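Participant: See work_28.tsv below, with TSV, C-alpha atoms.
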chain	number	residue	atom	x	y	z
A	1	MET	CA	131.07	85.89	118.75
A	2	LEU	CA	130.13	86.05	122.45
A	3	THR	CA	129.87	89.42	124.20
A	4	ARG	CA	130.52	89.43	127.93
A	5	LEU	CA	128.59	91.76	130.22
A	6	SER	CA	128.69	92.20	133.96
A	7	GLN	CA	125.38	91.93	135.79
A	8	SER	CA	125.53	95.68	136.34
A	9	GLU	CA	125.90	96.32	132.60
A	10	ALA	CA	123.08	93.91	131.77
A	11	ARG	CA	120.78	95.55	134.32
A	12	ARG	CA	121.65	98.97	132.93
A	13	LEU	CA	120.77	97.75	129.44
A	14	ALA	CA	117.42	96.42	130.64
A	15	ILE	CA	116.50	99.60	132.52
A	16	SER	CA	117.52	101.78	129.57
A	17	SER	CA	115.43	99.71	127.16
A	18	GLN	CA	112.45	100.15	129.48
A	19	GLY	CA	112.86	103.92	129.48
A	20	LEU	CA	113.48	104.03	133.26
A	21	ASP	CA	117.12	105.14	133.47
A	22	GLY	CA	116.36	108.86	133.48
A	23	HIS	CA	118.18	109.43	130.20
A	24	TRP	CA	115.24	108.87	127.86
A	25	HIS	CA	113.03	111.94	127.60
A	26	PRO	CA	109.81	111.33	125.64
A	27	PRO	CA	107.96	114.28	124.12
A	28	LYS	CA	105.27	115.86	126.25
A	29	GLY	CA	101.62	114.99	125.81
A	30	LYS	CA	100.18	112.22	123.66
A	31	GLU	CA	103.30	111.88	121.52
A	32	GLY	CA	105.26	110.83	124.55
A	33	VAL	CA	102.62	108.23	125.40
A	34	VAL	CA	102.75	106.84	121.85
A	35	GLU	CA	106.54	106.61	122.09
A	36	ALA	CA	106.33	104.86	125.46
A	37	ILE	CA	103.86	102.23	124.23
A	38	GLY	CA	105.97	101.74	121.11
A	39	ARG	CA	109.08	101.31	123.23
A	40	LEU	CA	107.42	98.73	125.49
A	41	GLY	CA	105.52	96.93	122.73
A	42	TYR	CA	102.40	96.68	124.88
A	43	VAL	CA	101.03	98.05	128.13
A	44	GLN	CA	99.07	95.56	130.20
A	45	ILE	CA	95.54	96.49	131.30
A	46	ASP	CA	94.31	95.53	134.75
A	47	THR	CA	91.17	96.14	136.79
A	48	ILE	CA	92.68	96.52	140.29
A	49	ALA	CA	92.27	100.12	141.42
A	50	VAL	CA	93.63	100.43	144.98
A	51	VAL	CA	96.03	102.84	143.29
A	52	GLU	CA	95.78	104.07	139.69
A	53	ARG	CA	95.23	101.12	137.37
A	54	ALA	CA	98.28	99.34	135.99
A	55	HIS	CA	98.14	100.74	132.44
A	56	HIS	CA	97.99	104.34	133.69
A	57	HIS	CA	100.69	103.66	136.29
A	58	THR	CA	103.04	102.08	133.72
A	59	LEU	CA	102.76	105.06	131.38
A	60	TRP	CA	103.08	107.64	134.15
A	61	ALA	CA	106.33	106.00	135.28
A	62	ARG	CA	107.82	106.97	131.89
A	63	CYS	CA	105.82	110.10	131.01
A	64	PRO	CA	105.65	112.45	134.03
A	65	ASP	CA	102.93	114.61	132.45
A	66	TYR	CA	100.74	111.60	131.61
A	67	THR	CA	96.98	111.74	132.17
A	68	PRO	CA	94.43	108.99	131.46
A	69	GLN	CA	92.71	111.28	128.96
A	70	MET	CA	95.75	111.00	126.69
A	71	LEU	CA	95.38	107.23	126.47
A	72	HIS	CA	91.64	107.54	125.84
A	73	GLN	CA	92.19	109.95	122.96
A	74	LEU	CA	94.90	107.80	121.40
A	75	GLN	CA	92.48	104.87	121.34
A	76	THR	CA	89.19	106.53	120.46
A	77	VAL	CA	90.10	109.57	118.34
A	78	ASP	CA	93.61	109.15	116.97
A	79	ARG	CA	93.37	105.33	116.59
A	80	ARG	CA	97.11	104.98	117.20
A	81	ILE	CA	96.73	102.12	119.67
A	82	PHE	CA	94.38	99.16	119.90
A	83	GLU	CA	93.39	96.57	122.47
A	84	TYR	CA	94.22	92.92	122.11
A	85	TRP	CA	95.97	90.05	123.87
A	86	ALA	CA	99.73	90.41	124.37
A	87	ASN	CA	100.99	89.18	127.74
A	88	ALA	CA	97.36	89.72	128.78
A	89	ALA	CA	94.71	92.27	127.74
A	90	SER	CA	96.88	95.18	126.58
A	91	TYR	CA	97.18	98.44	124.71
A	92	ILE	CA	99.33	97.81	121.62
A	93	PRO	CA	100.79	100.14	118.96
A	94	MET	CA	98.51	100.22	115.92
A	95	ALA	CA	101.64	99.87	113.78
A	96	ASP	CA	102.01	96.31	115.11
A	97	TYR	CA	98.45	95.26	114.21
A	98	ARG	CA	99.38	92.93	111.35
A	99	PHE	CA	101.59	90.83	113.62
A	100	TYR	CA	98.54	89.90	115.68
A	101	LEU	CA	96.56	88.66	112.68
A	102	PRO	CA	97.93	85.09	112.95
A	103	GLN	CA	96.80	85.05	116.58
A	104	MET	CA	93.32	86.14	115.49
A	105	ARG	CA	93.24	83.42	112.82
A	106	ALA	CA	94.31	80.85	115.39
A	107	ALA	CA	91.43	81.98	117.63
A	108	ALA	CA	89.03	81.49	114.71
A	109	ASN	CA	90.28	77.92	114.35
A	110	ARG	CA	89.74	77.16	118.04
A	111	ARG	CA	85.96	77.42	117.87
A	112	HIS	CA	84.43	75.24	120.53
A	113	GLU	CA	81.18	73.33	120.60
A	114	TRP	CA	78.99	76.24	121.70
A	115	TYR	CA	80.39	78.50	118.99
A	116	LEU	CA	79.44	75.99	116.30
A	117	SER	CA	76.00	75.22	117.77
A	118	ASN	CA	72.78	76.68	116.39
A	119	GLU	CA	72.49	78.87	119.49
A	120	GLY	CA	76.03	80.17	119.00
A	121	ARG	CA	75.48	81.00	115.33
A	122	GLU	CA	72.20	82.82	116.02
A	123	ILE	CA	73.64	84.85	118.88
A	124	ARG	CA	76.68	85.85	116.83
A	125	LYS	CA	74.44	87.04	114.00
A	126	HIS	CA	72.30	88.97	116.49
A	127	VAL	CA	75.33	90.61	118.14
A	128	MET	CA	76.90	91.61	114.81
A	129	ALA	CA	73.60	92.96	113.47
A	130	ARG	CA	72.96	95.12	116.51
A	131	ILE	CA	76.47	96.58	116.49
A	132	ARG	CA	76.25	97.19	112.74
A	133	ASP	CA	72.94	99.05	113.17
A	134	GLU	CA	73.41	100.77	116.53
A	135	GLY	CA	77.16	101.41	116.71
A	136	PRO	CA	79.54	100.44	119.55
A	137	LEU	CA	77.90	98.44	122.35
A	138	ARG	CA	78.89	97.06	125.76
A	139	SER	CA	78.17	93.54	126.91
A	140	ALA	CA	75.75	95.16	129.38
A	141	ASP	CA	73.69	96.34	126.39
A	142	PHE	CA	72.73	92.73	125.69
A	143	LYS	CA	70.29	91.05	128.02
A	144	ALA	CA	70.52	87.37	128.88
A	145	PRO	CA	67.71	85.21	127.42
A	146	THR	CA	64.54	85.01	129.50
A	147	GLY	CA	64.75	82.27	132.09
A	148	ARG	CA	68.53	81.99	131.99
A	149	LYS	CA	70.20	82.69	135.32
A	150	ARG	CA	73.73	84.02	135.42
A	151	GLY	CA	75.97	81.40	136.99
A	152	SER	CA	79.63	81.39	137.87
A	153	TRP	CA	82.22	83.90	136.61
A	154	TRP	CA	82.90	81.68	133.59
A	155	ASP	CA	79.25	81.09	132.78
A	156	TRP	CA	78.89	84.40	130.97
A	157	LYS	CA	75.66	85.26	129.29
A	158	PRO	CA	75.66	84.12	125.64
A	159	ALA	CA	76.04	87.60	124.12
A	160	LYS	CA	79.11	88.27	126.26
A	161	GLN	CA	80.53	84.95	125.13
A	162	ALA	CA	79.90	85.86	121.49
A	163	LEU	CA	81.47	89.30	121.92
A	164	GLU	CA	84.62	87.75	123.35
A	165	TRP	CA	84.89	85.22	120.54
A	166	LEU	CA	84.34	87.84	117.86
A	167	PHE	CA	86.93	90.09	119.51
A	168	ASP	CA	89.49	87.28	119.75
A	169	MET	CA	88.94	86.48	116.07
A	170	GLY	CA	89.42	90.11	115.04
A	171	GLU	CA	85.89	90.64	113.70
A	172	LEU	CA	85.25	93.17	116.47
A	173	MET	CA	87.59	95.70	118.06
A	174	ILE	CA	87.37	97.83	121.18
A	175	ALA	CA	86.26	101.28	120.04
A	176	GLU	CA	86.76	102.78	123.50
A	177	ARG	CA	86.26	102.21	127.21
A	178	ARG	CA	83.65	104.03	129.28
A	179	ASN	CA	83.96	103.67	133.04
A	180	PHE	CA	86.41	100.89	132.19
A	181	GLN	CA	83.74	98.95	130.25
A	182	ARG	CA	84.64	97.87	126.73
A	183	LEU	CA	82.61	99.15	123.78
A	184	TYR	CA	82.77	96.70	120.87
A	185	ASP	CA	82.49	97.86	117.27
A	186	LEU	CA	83.05	96.38	113.81
A	187	THR	CA	86.73	96.17	112.98
A	188	GLU	CA	86.12	97.94	109.67
A	189	ARG	CA	84.90	100.99	111.60
A	190	VAL	CA	87.76	101.07	114.12
A	191	LEU	CA	90.83	100.05	112.15
A	192	PRO	CA	92.32	103.00	110.19
A	193	ALA	CA	92.45	102.43	106.43
A	194	SER	CA	96.17	103.23	106.46
A	195	VAL	CA	97.05	100.25	108.67
A	196	ASN	CA	98.92	97.41	106.98
A	197	THR	CA	96.73	94.28	107.17
A	198	THR	CA	98.99	91.96	105.20
A	199	VAL	CA	99.18	88.68	107.09
A	200	PRO	CA	102.85	88.09	108.00
A	201	SER	CA	104.57	84.78	107.34
A	202	PRO	CA	105.60	82.62	110.31
A	203	GLU	CA	109.17	83.75	109.68
A	204	ASP	CA	108.11	87.41	109.81
A	205	VAL	CA	106.33	86.80	113.12
A	206	ALA	CA	109.36	85.05	114.61
A	207	ARG	CA	111.66	87.93	113.65
A	208	PHE	CA	109.12	90.41	115.05
A	209	ILE	CA	109.08	88.55	118.37
A	210	VAL	CA	112.86	88.43	118.70
A	211	ARG	CA	113.22	92.13	117.89
A	212	ARG	CA	110.35	93.10	120.18
A	213	VAL	CA	111.54	91.08	123.18
A	214	LEU	CA	115.15	92.24	122.94
A	215	GLY	CA	114.16	95.83	122.18
A	216	THR	CA	111.86	95.91	125.20
A	217	TRP	CA	113.92	94.00	127.75
A	218	GLY	CA	117.41	94.88	126.59
A	219	VAL	CA	118.69	91.36	127.28
A	220	ALA	CA	116.81	88.08	127.46
A	221	PRO	CA	117.69	84.43	127.94
A	222	VAL	CA	116.94	82.19	124.97
A	223	SER	CA	114.27	80.39	127.04
A	224	GLU	CA	112.29	83.64	127.49
A	225	LEU	CA	112.01	84.57	123.81
A	226	ARG	CA	108.25	84.62	123.53
A	227	TRP	CA	105.77	87.42	123.04
A	228	GLY	CA	102.45	86.99	124.79
A	229	TRP	CA	101.18	83.65	125.98
A	230	HIS	CA	102.70	81.29	123.45
A	231	ARG	CA	106.17	80.37	122.28
A	232	HIS	CA	106.48	80.64	118.50
A	233	PRO	CA	107.98	77.55	116.81
A	234	GLY	CA	110.24	79.59	114.50
A	235	ILE	CA	112.15	81.50	117.21
A	236	ALA	CA	115.34	79.42	116.98
A	237	ASP	CA	115.60	79.96	113.23
A	238	ALA	CA	114.94	83.70	113.63
A	239	VAL	CA	117.67	83.97	116.26
A	240	ALA	CA	120.12	82.14	114.01
A	241	GLU	CA	119.29	84.40	111.06
A	242	LEU	CA	119.47	87.68	113.01
A	243	THR	CA	122.68	86.59	114.70
A	244	SER	CA	124.27	85.75	111.34
A	245	THR	CA	123.38	89.19	109.95
A	246	GLY	CA	124.81	90.88	113.04
A	247	GLU	CA	121.52	92.32	114.27
A	248	VAL	CA	121.48	90.11	117.38
A	249	THR	CA	124.42	89.34	119.66
A	250	ALA	CA	124.93	86.36	121.97
A	251	VAL	CA	125.67	87.56	125.50
A	252	ARG	CA	127.20	85.91	128.55
A	253	ILE	CA	126.32	87.71	131.78
A	254	GLY	CA	128.69	87.38	134.69
A	255	GLY	CA	127.31	85.14	137.42
A	256	LEU	CA	124.58	83.66	135.20
A	257	GLU	CA	124.98	80.33	133.44
A	258	GLU	CA	122.33	80.53	130.71
A	259	ASP	CA	123.08	82.10	127.33
A	260	TRP	CA	121.40	85.45	126.75
A	261	LEU	CA	120.77	87.63	123.68
A	262	ALA	CA	120.70	91.35	122.97
A	263	LEU	CA	120.31	93.66	119.99
A	264	THR	CA	123.82	94.47	118.80
A	265	ARG	CA	123.19	98.21	118.56
A	266	THR	CA	122.22	98.38	122.24
A	267	VAL	CA	125.22	96.37	123.42
A	268	GLU	CA	127.52	98.69	121.49
A	269	ALA	CA	125.94	101.78	123.08
A	270	PRO	CA	124.55	100.73	126.48
A	271	GLY	CA	124.06	104.28	127.70
A	272	GLN	CA	124.74	105.92	131.04
A	273	ALA	CA	124.07	104.31	134.40
A	274	PRO	CA	120.93	105.50	136.15
A	275	GLY	CA	121.62	107.72	139.14
A	276	SER	CA	121.30	106.22	142.60
A	277	ASP	CA	118.81	108.98	143.46
A	278	HIS	CA	116.59	107.98	140.53
A	279	VAL	CA	113.66	106.16	142.18
A	280	HIS	CA	110.61	104.58	140.54
A	281	ILE	CA	107.57	103.05	142.20
A	282	LEU	CA	106.34	100.49	139.65
A	283	SER	CA	103.12	98.61	139.08
A	284	PRO	CA	103.38	94.81	139.53
A	285	PHE	CA	102.03	94.62	135.95
A	286	ASP	CA	104.73	96.94	134.57
A	287	SER	CA	106.67	95.26	131.76
A	288	MET	CA	109.86	95.88	133.75
A	289	VAL	CA	108.72	93.36	136.37
A	290	ILE	CA	105.95	91.26	134.79
A	291	ARG	CA	108.33	88.41	133.85
A	292	ARG	CA	108.98	87.20	137.39
A	293	SER	CA	111.62	84.58	136.53
A	294	HIS	CA	113.50	87.11	134.36
A	295	LEU	CA	113.39	89.62	137.22
A	296	ALA	CA	114.71	87.08	139.72
A	297	ARG	CA	117.60	85.98	137.52
A	298	LEU	CA	118.81	89.37	136.36
A	299	PHE	CA	118.02	91.52	139.40
A	300	ASP	CA	117.86	88.93	142.18
A	301	PHE	CA	114.46	90.40	143.07
A	302	HIS	CA	111.47	88.21	143.82
A	303	CYS	CA	108.01	89.63	143.26
A	304	LYS	CA	104.67	87.93	143.72
A	305	LEU	CA	101.18	89.35	143.43
A	306	GLU	CA	99.36	88.44	146.63
A	307	CYS	CA	95.96	90.10	146.18
A	308	TYR	CA	94.41	86.72	145.31
A	309	MET	CA	95.82	85.07	148.44
A	310	PRO	CA	94.11	84.97	151.87
A	311	ALA	CA	95.33	87.91	153.95
A	312	PRO	CA	97.11	85.77	156.61
A	313	LYS	CA	99.29	84.17	153.92
A	314	ARG	CA	100.51	87.44	152.42
A	315	GLN	CA	104.16	88.28	152.91
A	316	TRP	CA	104.29	91.68	151.21
A	317	GLY	CA	100.69	92.88	151.10
A	318	TYR	CA	97.59	93.09	148.93
A	319	PHE	CA	99.10	94.99	146.00
A	320	CYS	CA	102.88	95.09	146.16
A	321	LEU	CA	104.64	97.87	144.19
A	322	PRO	CA	108.36	97.27	143.52
A	323	ILE	CA	110.78	100.15	144.16
A	324	LEU	CA	113.55	100.57	141.57
A	325	CYS	CA	116.46	102.77	142.58
A	326	GLY	CA	119.32	103.22	140.13
A	327	GLU	CA	119.96	99.74	138.79
A	328	ARG	CA	118.65	97.80	141.80
A	329	PHE	CA	115.29	96.95	143.31
A	330	ILE	CA	115.61	98.16	146.88
A	331	GLY	CA	112.20	97.22	148.26
A	332	ARG	CA	108.45	97.33	147.81
A	333	ILE	CA	105.40	99.09	149.18
A	334	ASP	CA	101.82	98.01	149.73
A	335	ALA	CA	99.85	101.19	149.12
A	336	LYS	CA	96.24	102.30	148.87
A	337	ALA	CA	94.92	105.63	147.59
A	338	HIS	CA	92.01	106.89	149.71
A	339	ARG	CA	90.76	109.28	147.08
A	340	LYS	CA	87.92	110.84	149.11
A	341	ALA	CA	90.34	111.67	151.90
A	342	LYS	CA	93.04	112.52	149.33
A	343	THR	CA	95.51	110.40	151.26
A	344	LEU	CA	98.01	107.83	150.03
A	345	ILE	CA	98.33	105.15	152.71
A	346	VAL	CA	101.57	103.17	152.69
A	347	ARG	CA	100.33	100.17	154.63
A	348	LYS	CA	103.70	98.51	154.49
A	349	LEU	CA	107.14	99.42	153.17
A	350	ILE	CA	109.65	96.58	153.05
A	351	ALA	CA	113.34	97.17	152.32
A	352	GLU	CA	115.29	94.39	150.65
A	353	PRO	CA	117.59	92.75	153.24
A	354	SER	CA	120.56	93.01	150.86
A	355	VAL	CA	120.25	96.78	150.39
A	356	ARG	CA	122.43	98.55	152.92
A	357	GLU	CA	122.21	101.99	151.37
A	358	PHE	CA	118.44	102.36	151.85
A	359	TYR	CA	118.88	105.21	154.33
A	360	GLY	CA	120.91	107.10	151.76
A	361	VAL	CA	118.00	107.24	149.29
A	362	LEU	CA	115.19	108.15	151.72
A	363	ALA	CA	115.05	111.73	150.41
A	364	ALA	CA	114.67	110.53	146.81
A	365	LEU	CA	112.09	107.93	147.88
A	366	ALA	CA	110.10	110.55	149.78
A	367	SER	CA	110.10	112.81	146.71
A	368	THR	CA	108.85	109.92	144.54
A	369	LEU	CA	106.15	109.08	147.09
A	370	TRP	CA	104.87	112.66	146.88
A	371	THR	CA	104.74	112.62	143.08
A	372	PHE	CA	103.06	109.19	143.18
A	373	ALA	CA	100.51	110.54	145.66
A	374	ALA	CA	99.76	113.50	143.38
A	375	PHE	CA	99.34	111.12	140.42
A	376	ASN	CA	96.73	109.29	142.50
A	377	GLY	CA	94.89	112.50	143.37
A	378	CYS	CA	96.22	112.54	146.94
A	379	GLU	CA	97.57	115.44	148.99
A	380	GLN	CA	98.87	113.51	152.01
A	381	VAL	CA	101.14	110.50	152.52
A	382	VAL	CA	100.77	108.33	155.63
A	383	ILE	CA	103.28	105.60	156.52
A	384	GLU	CA	101.74	102.86	158.64
A	385	LYS	CA	104.52	100.27	158.88
A	386	THR	CA	108.06	99.70	157.64
A	387	THR	CA	110.40	96.73	157.68
A	388	PRO	CA	112.81	97.26	159.32
A	389	ALA	CA	110.77	99.31	161.80
A	390	GLN	CA	113.55	101.87	162.33
A	391	LEU	CA	113.03	103.17	158.76
A	392	LYS	CA	109.66	104.70	159.63
A	393	LYS	CA	110.76	107.80	161.55
A	394	PRO	CA	113.50	108.96	159.14
A	395	LEU	CA	111.20	108.41	156.17
A	396	GLN	CA	108.45	110.41	157.87
A	397	ARG	CA	110.95	113.21	158.50
A	398	GLU	CA	111.86	113.25	154.81
A	399	LEU	CA	108.19	113.35	153.84
A	400	THR	CA	107.58	116.40	156.00
Will you turn the file into structure tokens for me?

Facilitator:
Amino acid sequence: MLTRLSQSEARRLAISSQGLDGHWHPPKGKEGVVEAIGRLGYVQIDTIAVVERAHHHTLWARCPDYTPQMLHQLQTVDRRIFEYWANAASYIPMADYRFYLPQMRAAANRRHEWYLSNEGREIRKHVMARIRDEGPLRSADFKAPTGRKRGSWWDWKPAKQALEWLFDMGELMIAERRNFQRLYDLTERVLPASVNTTVPSPEDVARFIVRRVLGTWGVAPVSELRWGWHRHPGIADAVAELTSTGEVTAVRIGGLEEDWLALTRTVEAPGQAPGSDHVHILSPFDSMVIRRSHLARLFDFHCKLECYMPAPKRQWGYFCLPILCGERFIGRIDAKAHRKAKTLIVRKLIAEPSVREFYGVLAALASTLWTFAAFNGCEQVVIEKTTPAQLKKPLQRELT
């Protein structure tokens, strides 16, 4: 049976699943953070810090009382999340650990020439022995061999290379981060004894992926049913099975040709529409926007990270933050937090050409800019440029 949804209904379903519609209210404190990570499946980690880093930004967008200390405690003390590779380096619910074991085994089977060399074996033994004896260590705690010069970014010193391999294989875990540097420890000392470590079958993994993708995105085209970097070979069979049991529903979205899927329970209770005054400033690594093709098809919003491009070629700015208002993306800002001056600089705000009602949400946008500034430790907001230019004065009036 095919369920038909309008684009508006499909967008509403996606925003609700992401916890951004204003109708999901997580508990305060760490419990809310745990719920948010569980809802999203993973929260991507990134190093760029012109504003608060992506993982903190993503969680704050859903948990207004969020502080980075909550995430640190959940990883280092409570052990309710762990770091591994999802879409990229990510924080992942500890309850999902077993579903990453096949990925770790696959990493163990991809050992390259250096790993199997005498040098590789000796360095791995050395790294494991030091961590076993001394406790969690950073890559900086291992010195490169005498006479070896550090080369390009990819020519890491041997100990760093060994740490990465051992982490990928699951023999080491990240015990915590200090000043954003990873501390590696033995998995047996990080992983709680209560965690299920039964290796799932390929069929179990495929069902996990389908449920995770649809639970996180609300709706997804068949071509996007993958979790992380790789497409699992058993997805089609899992979709067929879950559709036959009624857990998954085939969806046709008005205006879109490709077949989509959704969890039946969410289609039957799509929830309320987000208010037009409900504004979010999102990280470009937020799971709401990280799948660029998905974002373009469902929301007709095109987003590209331009920080790695030469400045003259940038269209939107160094670090573009999408603005979600209600069920539409209405624009983007290129912002920088000058923390010493306690000032949030909006270097550029660009309204989407198709959004006519932008002026009607300036008050809500100004309010969100102030809360975003406070989250970044800033007490002032400065608007440098807007497109169109006539937005600048009314937005400044709202800010004051």

Participant: Pick out the residues sitting within 9 Å of A:Ala335, and hand them over as an MDAnalysis selection string; count all atoms listed in the file, and ignore anything fewer than 4 positions along from it in its own chain.

Facilitator: chainID A and resid 50:51 317:321 344:349

Participant: Calculated over all atoms listed in the file, which of the candidates A:Ser194, A:Ser293, A:Thr387, A:Asn376 has the smallest distance to A:Ile333?

Facilitator: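 Using all atoms listed in the file, A:Ile333 sits closest to A:Thr387.
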
Participant: Using all atoms listed in the file, pick whichever of A:Leu225, A:Leu324, A:Val219, A:Ala175 has the shortest atom-to-atom distance to A:Phe358.

Facilitator: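 For A:Phe358, the nearest of the given residues is A:Leu324.
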
Participant: Hey, could you make a per-residue contact list for stretch 236-344 of chain A against stretch 56-67 of chain A with 8 Å as the cut-off, showing the nearest pair of atoms and its distance in Å to one decimal, counting only C-alpha atoms, sorted by chain and number, as JSON lines?

Facilitator:
{"residue": "A:His280", "atom": "CA", "partner": "A:Ala61", "partner_atom": "CA", "distance": 6.9}
{"residue": "A:Ile281", "atom": "CA", "partner": "A:Ala61", "partner_atom": "CA", "distance": 7.6}
{"residue": "A:Leu282", "atom": "CA", "partner": "A:Thr58", "partner_atom": "CA", "distance": 7.0}
{"residue": "A:Ser283", "atom": "CA", "partner": "A:His57", "partner_atom": "CA", "distance": 6.3}
{"residue": "A:Phe285", "atom": "CA", "partner": "A:Thr58", "partner_atom": "CA", "distance": 7.9}
{"residue": "A:Asp286", "atom": "CA", "partner": "A:Thr58", "partner_atom": "CA", "distance": 5.5}
{"residue": "A:Ser287", "atom": "CA", "partner": "A:Thr58", "partner_atom": "CA", "distance": 8.0}

Participant: Please identify all polymer residues within 9 Å of A:Ala341, counting only C-alpha atoms, omitting same-chain residues fewer than 3 positions from it, and present them as a PyMOL selection string.

Facilitator: chain A and resi 337-338+344+378-380

Participant: What's the separation between atom CA of A:Glu9 and atom CA of A:Leu369, in Å to one decimal place?

Facilitator: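 Result for atom CA of A:Glu9 versus atom CA of A:Leu369: 27.6 Å, one decimal.
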
Participant: Could you produce a table of the residues of stretch 47-89 of chain A lying within 12 Å of stretch 230-247 of chain A, with the nearest pair of atoms per residue and their separation in Å rounded to one decimal, using all atoms listed in the file, ordered by chain and increasing residue number, as CSV?

Facilitator:
residue,atom,partner,partner_atom,distance
A:Trp85,CA,A:His230,CA,11.1
A:Ala86,CA,A:His230,CA,9.6
A:Asn87,CA,A:His230,CA,9.1
A:Ala88,CA,A:His230,CA,11.3

Participant: Using only C-alpha atoms, which residues sit within 7 Å of A:Glu398 once same-chain residues fewer than 4 positions away are excluded, as a ChimeraX atom specification?

Facilitator: /A:362-363,366,394

Participant: Skipping near chain neighbours, those fewer than 3 positions away, what residues fall within 10 Å of A:Ala389 using only C-alpha atoms, listed as a list in words?

Facilitator: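 Listing them by chain and then by number gives Leu349, Ile350, Lys385, Thr386, Lys392 and Lys393 of chain A.
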
Participant: Would you mind telling me which residue in A:Pro202, A:Gly326, A:Pro102, A:Gly228 lies nearest to A:Pro274 when using only C-alpha atoms?

Facilitator: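 Smallest separation from A:Pro274 among the options: A:Gly326.
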
Participant: Expressed in Å to a single decimal, how great is the separation between atom CA of A:Trp227 and atom CA of A:Gln181?

Facilitator: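 So the answer is 25.9 Å.
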
Participant: With distances taken over only C-alpha atoms, which of A:Leu74, A:Leu261, A:Val195, A:Leu183 is nearest to A:Val222?

Facilitator: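 Once distances to A:Val222 are computed over only C-alpha atoms, the minimum belongs to A:Leu261.
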
Participant: Of the candidates A:Glu52, A:Glu35, A:Glu327, A:Asp46, which one gets nearest to A:Ala373 if we count all atoms listed in the file?

Facilitator: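 Closest residue, counting all atoms listed in the file: A:Glu52.
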
Participant: I need the residue nearest A:Asp204 from this list: A:Pro136, A:Gln73, A:Tyr100, A:Leu391. Use only C-alpha atoms for the distance.

Facilitator: A:Tyr100

Participant: Work out how far apart atom CA of A:Gln69 and atom CA of A:Ala89 are and give it in Å to one decimal.

Facilitator: 19.2 Å

Participant: At a cut-off of 9 Å, using only C-alpha atoms, what residues contact A:Gly41? Leave out same-chain residues fewer than 6 positions from it and give the result as an NGL selection string.

Facilitator: :A and (86 or 91-93 or 96 or 212-213 or 215-216)

Participant: Generate the output file for the selected residues, C-alpha atoms, as a compact mmCIF listing (two decimals), in the frame of the given file.

Facilitator:
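And here is the file that came out, again-v6.txt:
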# COMPACT_ATOMS: atom_id res chain seq x y z
CA ALA A 86 99.73 90.41 124.37
CA TYR A 91 97.18 98.44 124.71
CA ILE A 92 99.33 97.81 121.62
CA PRO A 93 100.79 100.14 118.96
CA ASP A 96 102.01 96.31 115.11
CA ARG A 212 110.35 93.10 120.18
CA VAL A 213 111.54 91.08 123.18
CA GLY A 215 114.16 95.83 122.18
CA THR A 216 111.86 95.91 125.20

Participant: Need the axis-aligned box for stretch 328-345 of chain A with 4 Å each side, so what are the centre and edges in Å to one decimal, as lines of an AutoDock Vina configuration file?

Facilitator:
center_x = 103.3
center_y = 104.7
center_z = 147.3
size_x = 38.7
size_y = 23.6
size_z = 18.9

Participant: Working from the structure I just supplied, which lacks atoms in stretch 246-256 of chain A, can you model N, CA and C atoms there and output them as a compact mmCIF listing (two decimals), keeping the file's coordinate frame?

Facilitator:
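Listed below is the output, out12.txt:
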# COMPACT_ATOMS: atom_id res chain seq x y z
N GLY A 246 124.22 89.92 112.11
CA GLY A 246 124.81 90.88 113.04
C GLY A 246 123.82 91.74 113.78
N GLU A 247 122.52 91.51 113.59
CA GLU A 247 121.52 92.32 114.27
C GLU A 247 121.38 91.93 115.74
N VAL A 248 121.59 90.64 116.02
CA VAL A 248 121.48 90.11 117.38
C VAL A 248 122.84 89.58 117.82
N THR A 249 123.15 89.78 119.09
CA THR A 249 124.42 89.34 119.66
C THR A 249 124.18 88.37 120.81
N ALA A 250 124.96 87.28 120.83
CA ALA A 250 124.93 86.36 121.97
C ALA A 250 125.69 87.00 123.12
N VAL A 251 125.12 86.88 124.33
CA VAL A 251 125.67 87.56 125.50
C VAL A 251 125.86 86.55 126.63
N ARG A 252 126.97 86.67 127.32
CA ARG A 252 127.20 85.91 128.55
C ARG A 252 127.29 86.92 129.68
N ILE A 253 126.40 86.77 130.66
CA ILE A 253 126.32 87.71 131.78
C ILE A 253 127.02 87.10 132.99
N GLY A 254 127.92 87.86 133.55
CA GLY A 254 128.69 87.38 134.69
C GLY A 254 127.80 86.90 135.82
N GLY A 255 128.08 85.70 136.32
CA GLY A 255 127.31 85.14 137.42
C GLY A 255 126.10 84.35 136.99
N LEU A 256 125.74 84.39 135.71
CA LEU A 256 124.58 83.66 135.20
C LEU A 256 125.05 82.62 134.18
